[in-house]
8 protein chains.
Amino acid sequence: MDINNILDDYKEGRIDKERAIRKIKLLAVKELENLCLDISRKIRKDIPEIILAEGKTNEDVIRASMTILEENNHVIISRANKQLANIIIEQFKDLAKASYYEKGRVISIRKEELKELKEPPIAIVTAGTADVKVAEEARAVVNELGFKTICCYDVGIAGLQRVFLAVKKCIEENAEVAIVVAGMEGALPSVFSSLFPGIVIGVPSSVGYGYGGGGVAALMAMLQSCTPGMVIVNIDNGVGAAVAAVLISRLKSL
Amino acid sequence: MDINNILDDYKEGRIDKERAIRKIKLLAVKELENLCLDISRKIRKDIPEIILAEGKTNEDVIRASMTILEENNHVIISRANKQLANIIIEQFKDLAKASYYEKGRVISIRKEELKELKEPPIAIVTAGTADVKVAEEARAVVNELGFKTICCYDVGIAGLQRVFLAVKKCIEENAEVAIVVAGMEGALPSVFSSLFPGIVIGVPSSVGYGYGGGGVAALMAMLQSCTPGMVIVNIDNGVGAAVAAVLISRLKSL
Amino acid sequence: MDINNILDDYKEGRIDKERAIRKIKLLAVKELENLCLDISRKIRKDIPEIILAEGKTNEDVIRASMTILEENNHVIISRANKQLANIIIEQFKDLAKASYYEKGRVISIRKEELKELKEPPIAIVTAGTADVKVAEEARAVVNELGFKTICCYDVGIAGLQRVFLAVKKCIEENAEVAIVVAGMEGALPSVFSSLFPGIVIGVPSSVGYGYGGGGVAALMAMLQSCTPGMVIVNIDNGVGAAVAAVLISRLKSL
Amino acid sequence: MDINNILDDYKEGRIDKERAIRKIKLLAVKELENLCLDISRKIRKDIPEIILAEGKTNEDVIRASMTILEENNHVIISRANKQLANIIIEQFKDLAKASYYEKGRVISIRKEELKELKEPPIAIVTAGTADVKVAEEARAVVNELGFKTICCYDVGIAGLQRVFLAVKKCIEENAEVAIVVAGMEGALPSVFSSLFPGIVIGVPSSVGYGYGGGGVAALMAMLQSCTPGMVIVNIDNGVGAAVAAVLISRLKSL
Amino acid sequence: MDINNILDDYKEGRIDKERAIRKIKLLAVKELENLCLDISRKIRKDIPEIILAEGKTNEDVIRASMTILEENNHVIISRANKQLANIIIEQFKDLAKASYYEKGRVISIRKEELKELKEPPIAIVTAGTADVKVAEEARAVVNELGFKTICCYDVGIAGLQRVFLAVKKCIEENAEVAIVVAGMEGALPSVFSSLFPGIVIGVPSSVGYGYGGGGVAALMAMLQSCTPGMVIVNIDNGVGAAVAAVLISRLKSL
Amino acid sequence: MDINNILDDYKEGRIDKERAIRKIKLLAVKELENLCLDISRKIRKDIPEIILAEGKTNEDVIRASMTILEENNHVIISRANKQLANIIIEQFKDLAKASYYEKGRVISIRKEELKELKEPPIAIVTAGTADVKVAEEARAVVNELGFKTICCYDVGIAGLQRVFLAVKKCIEENAEVAIVVAGMEGALPSVFSSLFPGIVIGVPSSVGYGYGGGGVAALMAMLQSCTPGMVIVNIDNGVGAAVAAVLISRLKSL
Amino acid sequence: MDINNILDDYKEGRIDKERAIRKIKLLAVKELENLCLDISRKIRKDIPEIILAEGKTNEDVIRASMTILEENNHVIISRANKQLANIIIEQFKDLAKASYYEKGRVISIRKEELKELKEPPIAIVTAGTADVKVAEEARAVVNELGFKTICCYDVGIAGLQRVFLAVKKCIEENAEVAIVVAGMEGALPSVFSSLFPGIVIGVPSSVGYGYGGGGVAALMAMLQSCTPGMVIVNIDNGVGAAVAAVLISRLKSL
Amino acid sequence: MDINNILDDYKEGRIDKERAIRKIKLLAVKELENLCLDISRKIRKDIPEIILAEGKTNEDVIRASMTILEENNHVIISRANKQLANIIIEQFKDLAKASYYEKGRVISIRKEELKELKEPPIAIVTAGTADVKVAEEARAVVNELGFKTICCYDVGIAGLQRVFLAVKKCIEENAEVAIVVAGMEGALPSVFSSLFPGIVIGVPSSVGYGYGGGGVAALMAMLQSCTPGMVIVNIDNGVGAAVAAVLISRLKSL
């Protein structure tokens, strides 16, 4: 039922004026709701719903996923442990294909196949081994959102040549956005950004003990960076960095 | 003198082998230095030097500007008061053209004219009147780095229709990057980002008193945003947001 | 023994003057104590004692409940796990009726039946699934204190239309007080309050990781809210919000 | 132009179907905007705009006031010094009547006279002399929003009898909402609330030096209060407390 | 060997002058060491060593206790669980008598019997049931250091009459020092101190969740107390409060 | 009018029973108020009112002093500058004698002469020259509350012999309570307390810059002191330390 | 292949000019990489790689160790539990000798024997038993980096004579660098440094509960130390202190 | 009077035994005092007294300087403004030579000429122009304590080649200790230390605004540095870094 039909029905006398008005008003309300839905995240940004599993029961996560998949083709679950992944792969097998990125603790449930990953690739760089968990979360999400990735892990500033090599690799492979994860003193994103011509998204990771541990020193250092043009997301927020990187990368192909 | 000449000189006997080797080695060192210079920020990112005037004497700022202009065509000075602007406009008048963005407290000194501003325009949005200072800093820098801007000021979440209108305007004018400045509870960037299809750079501003005042609540709220894909810079860092927005916008035209 | 009797006794010579004075003074002290009791919370506010089970042993909680029930008809226990609930239901079965609100982790022990719930209903709104625990604590307490509730869960600002629908529902059902629970950036209470004509009690919930996690960003954001007229209670304090909402709602019927 | 006319025009052939559809769609958009306007704060909550003068230039404040008064009858300015008040009283004298509450630093500009203040009166209580500034801000706003006030200042817990007297006075004069301002250890709202049958809105004030000074200890203490049913606003936020108290008091007369 | 003997030996020719000087110098060094020992805590303050068991292995605690008991008659162990207590009671049974204060988690090991407890009694007051753990630690240490105690537990400010009764009891039983333990908003010590003529030692306890939880609000509130003459120790530091109370109480009997 | 009269009046028929009961009840209320007044700070602790001048206008301070002196013989004003002192000395000259302790910024206004200072003297010790301001505030208050003082200033731990000499002096002059003021690392109270047989009240002072500056490091260090039996007051709270020291010292002479 | 050969090849016509230039350029890049490697930490500082096991899986640690040992003779692993140590001792037994310092939780894997430890010895001093864990980590690393150690444990400032004895011992054994570990109030490094002629490296340890617990008070106190010339590392950072002490001690023998 | 005389006097009967014992005991006390003086800072560390002028009146600073110069040849005053310098140069001109380091705000007063500065030179490196103030304080103190300095200012990590050049210069000039000052993200000391073979003392400077401003981010980053072997002093503590650098450098020449 759309305005077209209502107008037809009215003109041709199948409904009277009052009824036509009411129907149009309902349509307006519906349209408002549609408009709201229309400006809802899924449609506008073309980013699927991403559920944070942490702090939710398995039941909550599964029910939420079900609800989303009723009207969407894709849902992502972050901070998911293996047990949850196995349950979901099993439970959704008739409906959709669920895959688990174990290192990044990300589950992706799709009704349709993931298409070939697009260029430009998004670089994902870490300072130390302990940052890999966050980096892998970002990588999984970037890939699931359709972009290629280049990974350069363990590029601490204590060995500057590793930084040079990573920057070189990223430039050579045409990366234009880099997600740089670092804990402890969090200096890698600044140093990297001073060498890399594209945009750098810094992600503090909750590595390190003592004063400024848990990612706080890294967060502060990135916010204070004297290399302008670097932006950041919250501590350990691999998902947020990935979505931002994808939104930026899409500009290229618009 | 380049490798070409050295090789010629050597083959034709004008220099001996030892001397050829030394010359090539010097060239390598020179090249290393050049490479270092080459990967220096100015050249790679094509972002001019930006001097933070705050906490420096006028003399320091002027001397630094002079030094930079010796080898560059453009320098930007942020957090500059009017008095400093007047001194600089006067002192540099034979060398370059300095202009002062009073609301944004930004001085730009150029040897060459600024070219016509490029598209896509960068949206600059503020929650309240008190955030305008930061927004104007961002606007000045974005314009000086060559991009158009669309400004939507005073778009607080207390009147949601103003948010809708601002989003609509930004979409209609084809903005793909939005710098959203907010103090107090800092919710505007999240709300805006939930409606805006492009990338949002949140800038907490040091507005508000009491617990979480001075921009801390806004910073935290933006870092905690449940709208994925938003990135942020530090409190009041209009310059940083502007540079990031420009780096992102350039991707489009690459 | 009251003043009446003392006066009679004295006038009729059953006691002498000194003894009458002493008896009256004792009565005054007694009266002071009574006055103190009289202005004690139970009587004035007509809010039963609420025991926080967290950090107490089961024995402590049970003993405290027993003591209170000796002189009262109702006691509420918050942050109670199921095991404690089962023990209490069993132990108190001859004395009173204990019921357990599992999601809200609230036990209510009553000697008398709960009367029909009163209007206006109190709205309870949450931003995300993870806030439900706090919301359910509030709901249980509001119901046990005699008021109806309307629940709108999972109304995050990332999908503004859900906020509109929730506000509409609350207005339609004549809610005049809304308890709005939100973690992460804590923007929902502000947005809700900008649309809802009644009073909003914001409850930060300890959701979210990274900087500002654990409810701190939400607390700050609510305190900094630029929507005047919103009040708050501490992080996760569903009980406090419920009691405040009930005290406010009673004004209506006074 | 409404749906009625469009339908008539269409049926009677004055406009074609495509044009009818477009007109109806525009109407829907218009309706959305109207809906937005309709749910805007001014109309729903019947609270005038309140401008925070702090951190704005006099020019900013005056321009904002002008804009608001174009479409409204009332605007309030908080944190206004005497100089600003004098300028505004002078500048607006032809348009409206501005009055200045000097102790509370509040300016009220009205096109219409303030009606007689309503009951129930709102109690305003302070712990010390230094809290009076915040209390007077609250008092000015409560009065300007149409309610009576009862003021009990300098009621510190160091002299408990003063607390008793204040509670007694508030009860006797039928106050049902009390705004209680306290700095330093911030215990007064808790003690007051344990004695007062109505609802207490605690306002921490930025009094006190050393650890926990500037209102932080008071804020924390109020959030931690073991007297359930107390709600709070941010440090020094007299305006917020006043608006909340008025919203609550209106319930009574609904 | 003392100076007396050396002088005798020298005068009577049993040792020569050089040897006498060397012996006296050694004596001086010894005396210096003795003086150091002499001004060591044990002797001067007459407070036995108190070992914090928390964060140490059972072996560490036992070895430390052994070492101390070699030269002392008494050692106290705080934060000791029951298992450690049982081991110590068993292991030390031939050497000394160990007793365990279960609620206060304190072990006392003595070679000599504890004498009759002295007056004036030290009052120990708590705001809530959850503070009892800290109070019992203080009580155990006060008793083991030789003083009587009066305990008034669960004296929250939400029921002021309980505070009055507690103060009355403390005054009637001649307490001149009161240890007042409170978590959450930490107001009890201030209120108590405003009523109690003696000195109050406030002990914040790590009770309460949300902002200011874990004792921080209570600590701040006590430091900000507007009741002059109250002193405090750190969060949960029952031992420190007990030792201070005993040092103060001894002044009376000097 | 007392109970005696009421009883007489009643027995002899001058008043009827109802009136007798009402009169007795009023008497009870009056008694309650008297009881409240009776337990007010002034009477119980025999500590005069102490007004904090900081953050108050001169007018506020003078008015408060006047009010207090109407019913008391003594009032103390802390944090008072010289200008205020001069005004007060002049204004109160007919009523009372005001004296100004310039270094400690304390004004004392007395209707009666201060009696001879009592023993035991209270020791006041500082770590550095910059702590003297706080120490002098404490000294002024201690003297005005009737006790002698011994001052040992500039006793930093960087020169331990100065600590020894200070402890020796304090012991020799029979001090039993020591107020020890220290900023920066705040170690002096701990070291002093490890050598001094009496009770030590630590006062952190707001000396020092950088991390932990402004007295925070000193406050923390004193709270963490491993020398049991030390108590503290807030940063720069010389008044609080003085009152506590006096309350403790009075025990001796009770 | 070096420049020599390229020149020969070119002169003798085995390669053409273009190829010669390309080969030389590649050589330059290679040289840059070598230069980078050359200034890498391992070679310059002669400190082996130190892996933090905490927060890594056993597999991660073992793989990292393997990689390092391919090109180095020595690797150190800190924060290693016994289980990991046993696995490593077993797995590496054919390749290298792994030893485990249990108290310090340090594994050292060496292909060559550790040479005789060098002088001057590095002093390692702790305030309490609970600091020993950190001290032992430092001791293990110092020894593995080739220097002798002198350990003085349990030297709290509560017994100053123990401090004197420790300083005396350190001076007598010619220590010139002292690592001083302290938790709680963290005063020992300041006191020690005021007596010790050499350089003191303070290490806050995460001992202590309540406000300033977990090493924060100790960190602040050390940063605020009024004994100039003391430097510090982060809380519990025994490794960092050890490496710094070794770098300083090597200066002596240069 | 020494032991020798006392023994003679006693043997020959000029004093009796009791008096001999008392005299010897006094001698022991005297010896203790001497011992204390002997281990005082001045003598052991050979570092002159350094007075922090900040927060002291000119009179306080001058009096303290006078007192120190009575028994010493050298005193240093830090954080001294020009006005104080001029007063001191004038007042002390007959007694000693005072010189003022204007950029570093350091006054040095000497009775004897400063000898030729010693090697190895101490490197002083800064990240930005705003750090120079702290660096110059360190330079002044290092020079006044007798060591040469090499200054490399404005070596930010945003231009890595400047870091390389600075490290090269420091190595070439044989520096073995480097004081590296940085504000904002504080990464320079880590990067520098990863390239410099000697020991690095990091000094956070109070540069930067927003979250982590005022030196806090820099402090945290340095404490979290993943380059082992770096030590730090507090924010802006140029004096502390200088003294530490000198103590370390002296080891070389011992």
# chains A, B, ... in the order shown; residues from 1 in each chain; ligands from 1
>>> calpha_fit_rmsd(fixed="chain B", moving="chain G")
1.0 Å
>>> select_by_dssp(residues="segment 74-148 of chain G", states="alpha helix (DSSP H)", output="PyMOL selection string")
chain G and resi 82-91+132-144
>>> write_last_selection(atoms="N, CA, C and O atoms", output="short mmCIF file (atom, residue, chain, number, x, y, z; two decimals), in the first residue's frame")
data_model
loop_
_atom_site.label_atom_id
_atom_site.label_comp_id
_atom_site.auth_asym_id
_atom_site.auth_seq_id
_atom_site.Cartn_x
_atom_site.Cartn_y
_atom_site.Cartn_z
N LYS G 82 56.93 -20.61 37.48
CA LYS G 82 57.77 -21.80 37.52
C LYS G 82 57.44 -22.75 36.37
O LYS G 82 58.34 -23.35 35.78
N GLN G 83 56.17 -22.88 36.08
CA GLN G 83 55.76 -23.80 35.03
C GLN G 83 56.42 -23.43 33.70
O GLN G 83 57.00 -24.27 33.02
N LEU G 84 56.37 -22.13 33.37
CA LEU G 84 57.01 -21.68 32.13
C LEU G 84 58.50 -21.97 32.17
O LEU G 84 59.10 -22.43 31.18
N ALA G 85 59.11 -21.74 33.34
CA ALA G 85 60.55 -21.97 33.49
C ALA G 85 60.88 -23.43 33.17
O ALA G 85 61.82 -23.73 32.41
N ASN G 86 60.09 -24.34 33.74
CA ASN G 86 60.37 -25.76 33.51
C ASN G 86 60.27 -26.12 32.03
O ASN G 86 61.10 -26.85 31.49
N ILE G 87 59.22 -25.61 31.40
CA ILE G 87 59.05 -25.89 29.97
C ILE G 87 60.26 -25.39 29.19
O ILE G 87 60.82 -26.09 28.35
N ILE G 88 60.69 -24.18 29.50
CA ILE G 88 61.79 -23.58 28.73
C ILE G 88 63.10 -24.31 28.97
O ILE G 88 63.86 -24.60 28.05
N ILE G 89 63.37 -24.64 30.27
CA ILE G 89 64.61 -25.37 30.57
C ILE G 89 64.66 -26.65 29.76
O ILE G 89 65.70 -26.99 29.16
N GLU G 90 63.51 -27.33 29.70
CA GLU G 90 63.45 -28.59 28.95
C GLU G 90 63.60 -28.36 27.44
O GLU G 90 64.45 -28.97 26.79
N GLN G 91 62.81 -27.42 26.92
CA GLN G 91 62.77 -27.23 25.46
C GLN G 91 64.07 -26.72 24.86
O GLN G 91 64.39 -26.97 23.72
N VAL G 132 60.36 -7.68 48.48
CA VAL G 132 61.47 -8.55 48.08
C VAL G 132 61.29 -9.09 46.67
O VAL G 132 62.27 -9.21 45.92
N LYS G 133 60.05 -9.36 46.27
CA LYS G 133 59.77 -9.88 44.94
C LYS G 133 60.34 -8.96 43.87
O LYS G 133 60.98 -9.42 42.92
N VAL G 134 60.13 -7.68 44.03
CA VAL G 134 60.65 -6.70 43.08
C VAL G 134 62.17 -6.63 43.15
O VAL G 134 62.87 -6.59 42.14
N ALA G 135 62.68 -6.66 44.36
CA ALA G 135 64.13 -6.59 44.55
C ALA G 135 64.82 -7.79 43.92
O ALA G 135 65.87 -7.66 43.28
N GLU G 136 64.20 -8.95 44.08
CA GLU G 136 64.82 -10.17 43.53
C GLU G 136 64.78 -10.16 41.99
O GLU G 136 65.67 -10.72 41.35
N GLU G 137 63.75 -9.54 41.43
CA GLU G 137 63.73 -9.38 39.98
C GLU G 137 64.91 -8.52 39.54
O GLU G 137 65.63 -8.86 38.59
N ALA G 138 65.13 -7.43 40.26
CA ALA G 138 66.25 -6.55 39.94
C ALA G 138 67.58 -7.29 40.11
O ALA G 138 68.48 -7.20 39.27
N ARG G 139 67.70 -8.04 41.21
CA ARG G 139 68.94 -8.75 41.49
C ARG G 139 69.26 -9.75 40.38
O ARG G 139 70.40 -9.83 39.89
N ALA G 140 68.25 -10.51 39.96
CA ALA G 140 68.47 -11.51 38.91
C ALA G 140 68.97 -10.84 37.64
O ALA G 140 69.93 -11.30 37.00
N VAL G 141 68.34 -9.73 37.26
CA VAL G 141 68.73 -9.07 36.03
C VAL G 141 70.12 -8.45 36.15
O VAL G 141 70.95 -8.56 35.24
N VAL G 142 70.40 -7.81 37.28
CA VAL G 142 71.75 -7.23 37.47
C VAL G 142 72.80 -8.33 37.34
O VAL G 142 73.80 -8.17 36.62
N ASN G 143 72.61 -9.45 38.02
CA ASN G 143 73.59 -10.54 37.96
C ASN G 143 73.72 -11.06 36.54
O ASN G 143 74.84 -11.26 36.04
N GLU G 144 72.61 -11.26 35.86
CA GLU G 144 72.65 -11.77 34.49
C GLU G 144 73.28 -10.77 33.52
O GLU G 144 73.76 -11.15 32.46
#
>>> interface_residues(of="chain H", to="chain G", cutoff="9 Å", atoms="only C-alpha atoms", output="ChimeraX atom specification")
/H:39-41,43-47,50,176-177,193-201,220,222-224,227-235,239-254
>>> atom_distance(atom1="atom CA of Pro121 of chain D", atom2="atom CA of Cys152 of chain D")
12.6 Å
>>> decode(residues="segment 155-178 of chain C", atoms="N, CA, C and O atoms", output="PDB file, in the first residue's frame")
ATOM      1  N   VAL C 155      17.018   1.125  24.228  1.00  0.00           N
ATOM      2  CA  VAL C 155      16.657   2.324  23.500  1.00  0.00           C
ATOM      3  C   VAL C 155      17.907   3.188  23.300  1.00  0.00           C
ATOM      4  O   VAL C 155      17.992   4.300  23.787  1.00  0.00           O
ATOM      5  N   GLY C 156      18.928   2.660  22.644  1.00  0.00           N
ATOM      6  CA  GLY C 156      20.194   3.397  22.525  1.00  0.00           C
ATOM      7  C   GLY C 156      20.065   4.598  21.600  1.00  0.00           C
ATOM      8  O   GLY C 156      19.193   4.624  20.724  1.00  0.00           O
ATOM      9  N   ILE C 157      20.918   5.576  21.745  1.00  0.00           N
ATOM     10  CA  ILE C 157      20.835   6.761  20.894  1.00  0.00           C
ATOM     11  C   ILE C 157      21.347   6.482  19.488  1.00  0.00           C
ATOM     12  O   ILE C 157      21.172   7.294  18.592  1.00  0.00           O
ATOM     13  N   ALA C 158      22.001   5.318  19.287  1.00  0.00           N
ATOM     14  CA  ALA C 158      22.490   5.017  17.940  1.00  0.00           C
ATOM     15  C   ALA C 158      21.326   4.817  16.969  1.00  0.00           C
ATOM     16  O   ALA C 158      21.468   4.936  15.768  1.00  0.00           O
ATOM     17  N   GLY C 159      20.138   4.517  17.508  1.00  0.00           N
ATOM     18  CA  GLY C 159      18.947   4.431  16.669  1.00  0.00           C
ATOM     19  C   GLY C 159      17.899   5.376  17.247  1.00  0.00           C
ATOM     20  O   GLY C 159      17.091   4.987  18.084  1.00  0.00           O
ATOM     21  N   LEU C 160      17.908   6.622  16.785  1.00  0.00           N
ATOM     22  CA  LEU C 160      17.080   7.644  17.436  1.00  0.00           C
ATOM     23  C   LEU C 160      15.588   7.313  17.397  1.00  0.00           C
ATOM     24  O   LEU C 160      14.833   7.721  18.265  1.00  0.00           O
ATOM     25  N   GLN C 161      15.158   6.579  16.357  1.00  0.00           N
ATOM     26  CA  GLN C 161      13.723   6.299  16.280  1.00  0.00           C
ATOM     27  C   GLN C 161      13.259   5.484  17.484  1.00  0.00           C
ATOM     28  O   GLN C 161      12.136   5.651  17.962  1.00  0.00           O
ATOM     29  N   ARG C 162      14.137   4.633  18.017  1.00  0.00           N
ATOM     30  CA  ARG C 162      13.749   3.881  19.202  1.00  0.00           C
ATOM     31  C   ARG C 162      13.536   4.825  20.393  1.00  0.00           C
ATOM     32  O   ARG C 162      12.698   4.587  21.246  1.00  0.00           O
ATOM     33  N   VAL C 163      14.331   5.884  20.439  1.00  0.00           N
ATOM     34  CA  VAL C 163      14.140   6.879  21.502  1.00  0.00           C
ATOM     35  C   VAL C 163      12.780   7.543  21.357  1.00  0.00           C
ATOM     36  O   VAL C 163      12.030   7.681  22.324  1.00  0.00           O
ATOM     37  N   PHE C 164      12.446   7.944  20.098  1.00  0.00           N
ATOM     38  CA  PHE C 164      11.145   8.577  19.866  1.00  0.00           C
ATOM     39  C   PHE C 164       9.997   7.671  20.315  1.00  0.00           C
ATOM     40  O   PHE C 164       9.075   8.100  21.002  1.00  0.00           O
ATOM     41  N   LEU C 165      10.098   6.419  19.916  1.00  0.00           N
ATOM     42  CA  LEU C 165       9.029   5.480  20.251  1.00  0.00           C
ATOM     43  C   LEU C 165       8.891   5.321  21.759  1.00  0.00           C
ATOM     44  O   LEU C 165       7.784   5.274  22.297  1.00  0.00           O
ATOM     45  N   ALA C 166      10.031   5.270  22.436  1.00  0.00           N
ATOM     46  CA  ALA C 166       9.993   5.104  23.894  1.00  0.00           C
ATOM     47  C   ALA C 166       9.376   6.323  24.556  1.00  0.00           C
ATOM     48  O   ALA C 166       8.527   6.200  25.456  1.00  0.00           O
ATOM     49  N   VAL C 167       9.782   7.510  24.106  1.00  0.00           N
ATOM     50  CA  VAL C 167       9.208   8.728  24.694  1.00  0.00           C
ATOM     51  C   VAL C 167       7.696   8.744  24.465  1.00  0.00           C
ATOM     52  O   VAL C 167       6.922   9.029  25.386  1.00  0.00           O
ATOM     53  N   LYS C 168       7.296   8.428  23.233  1.00  0.00           N
ATOM     54  CA  LYS C 168       5.877   8.411  22.888  1.00  0.00           C
ATOM     55  C   LYS C 168       5.103   7.477  23.811  1.00  0.00           C
ATOM     56  O   LYS C 168       4.076   7.849  24.376  1.00  0.00           O
ATOM     57  N   LYS C 169       5.639   6.276  23.971  1.00  0.00           N
ATOM     58  CA  LYS C 169       4.984   5.298  24.827  1.00  0.00           C
ATOM     59  C   LYS C 169       4.859   5.820  26.266  1.00  0.00           C
ATOM     60  O   LYS C 169       3.801   5.710  26.896  1.00  0.00           O
ATOM     61  N   CYS C 170       5.918   6.410  26.780  1.00  0.00           N
ATOM     62  CA  CYS C 170       5.900   6.905  28.160  1.00  0.00           C
ATOM     63  C   CYS C 170       4.868   8.012  28.327  1.00  0.00           C
ATOM     64  O   CYS C 170       4.157   8.075  29.332  1.00  0.00           O
ATOM     65  N   ILE C 171       4.810   8.915  27.338  1.00  0.00           N
ATOM     66  CA  ILE C 171       3.828  10.012  27.418  1.00  0.00           C
ATOM     67  C   ILE C 171       2.408   9.452  27.323  1.00  0.00           C
ATOM     68  O   ILE C 171       1.535   9.817  28.115  1.00  0.00           O
ATOM     69  N   GLU C 172       2.213   8.542  26.379  1.00  0.00           N
ATOM     70  CA  GLU C 172       0.884   7.960  26.200  1.00  0.00           C
ATOM     71  C   GLU C 172       0.375   7.239  27.440  1.00  0.00           C
ATOM     72  O   GLU C 172      -0.811   7.244  27.739  1.00  0.00           O
ATOM     73  N   GLU C 173       1.289   6.607  28.146  1.00  0.00           N
ATOM     74  CA  GLU C 173       0.850   5.867  29.330  1.00  0.00           C
ATOM     75  C   GLU C 173       0.925   6.727  30.596  1.00  0.00           C
ATOM     76  O   GLU C 173       0.897   6.208  31.713  1.00  0.00           O
ATOM     77  N   ASN C 174       1.072   8.045  30.387  1.00  0.00           N
ATOM     78  CA  ASN C 174       0.974   9.002  31.480  1.00  0.00           C
ATOM     79  C   ASN C 174       2.091   8.934  32.512  1.00  0.00           C
ATOM     80  O   ASN C 174       1.913   9.353  33.656  1.00  0.00           O
ATOM     81  N   ALA C 175       3.229   8.427  32.115  1.00  0.00           N
ATOM     82  CA  ALA C 175       4.361   8.440  33.040  1.00  0.00           C
ATOM     83  C   ALA C 175       4.790   9.877  33.267  1.00  0.00           C
ATOM     84  O   ALA C 175       4.775  10.690  32.348  1.00  0.00           O
ATOM     85  N   GLU C 176       5.136  10.187  34.502  1.00  0.00           N
ATOM     86  CA  GLU C 176       5.593  11.538  34.809  1.00  0.00           C
ATOM     87  C   GLU C 176       6.988  11.549  35.385  1.00  0.00           C
ATOM     88  O   GLU C 176       7.604  12.597  35.555  1.00  0.00           O
ATOM     89  N   VAL C 177       7.456  10.374  35.712  1.00  0.00           N
ATOM     90  CA  VAL C 177       8.820  10.222  36.200  1.00  0.00           C
ATOM     91  C   VAL C 177       9.450   9.103  35.391  1.00  0.00           C
ATOM     92  O   VAL C 177       8.837   8.055  35.224  1.00  0.00           O
ATOM     93  N   ALA C 178      10.659   9.329  34.884  1.00  0.00           N
ATOM     94  CA  ALA C 178      11.342   8.273  34.136  1.00  0.00           C
ATOM     95  C   ALA C 178      12.714   8.021  34.734  1.00  0.00           C
ATOM     96  O   ALA C 178      13.476   8.959  34.976  1.00  0.00           O
TER      97      ALA C 178
END
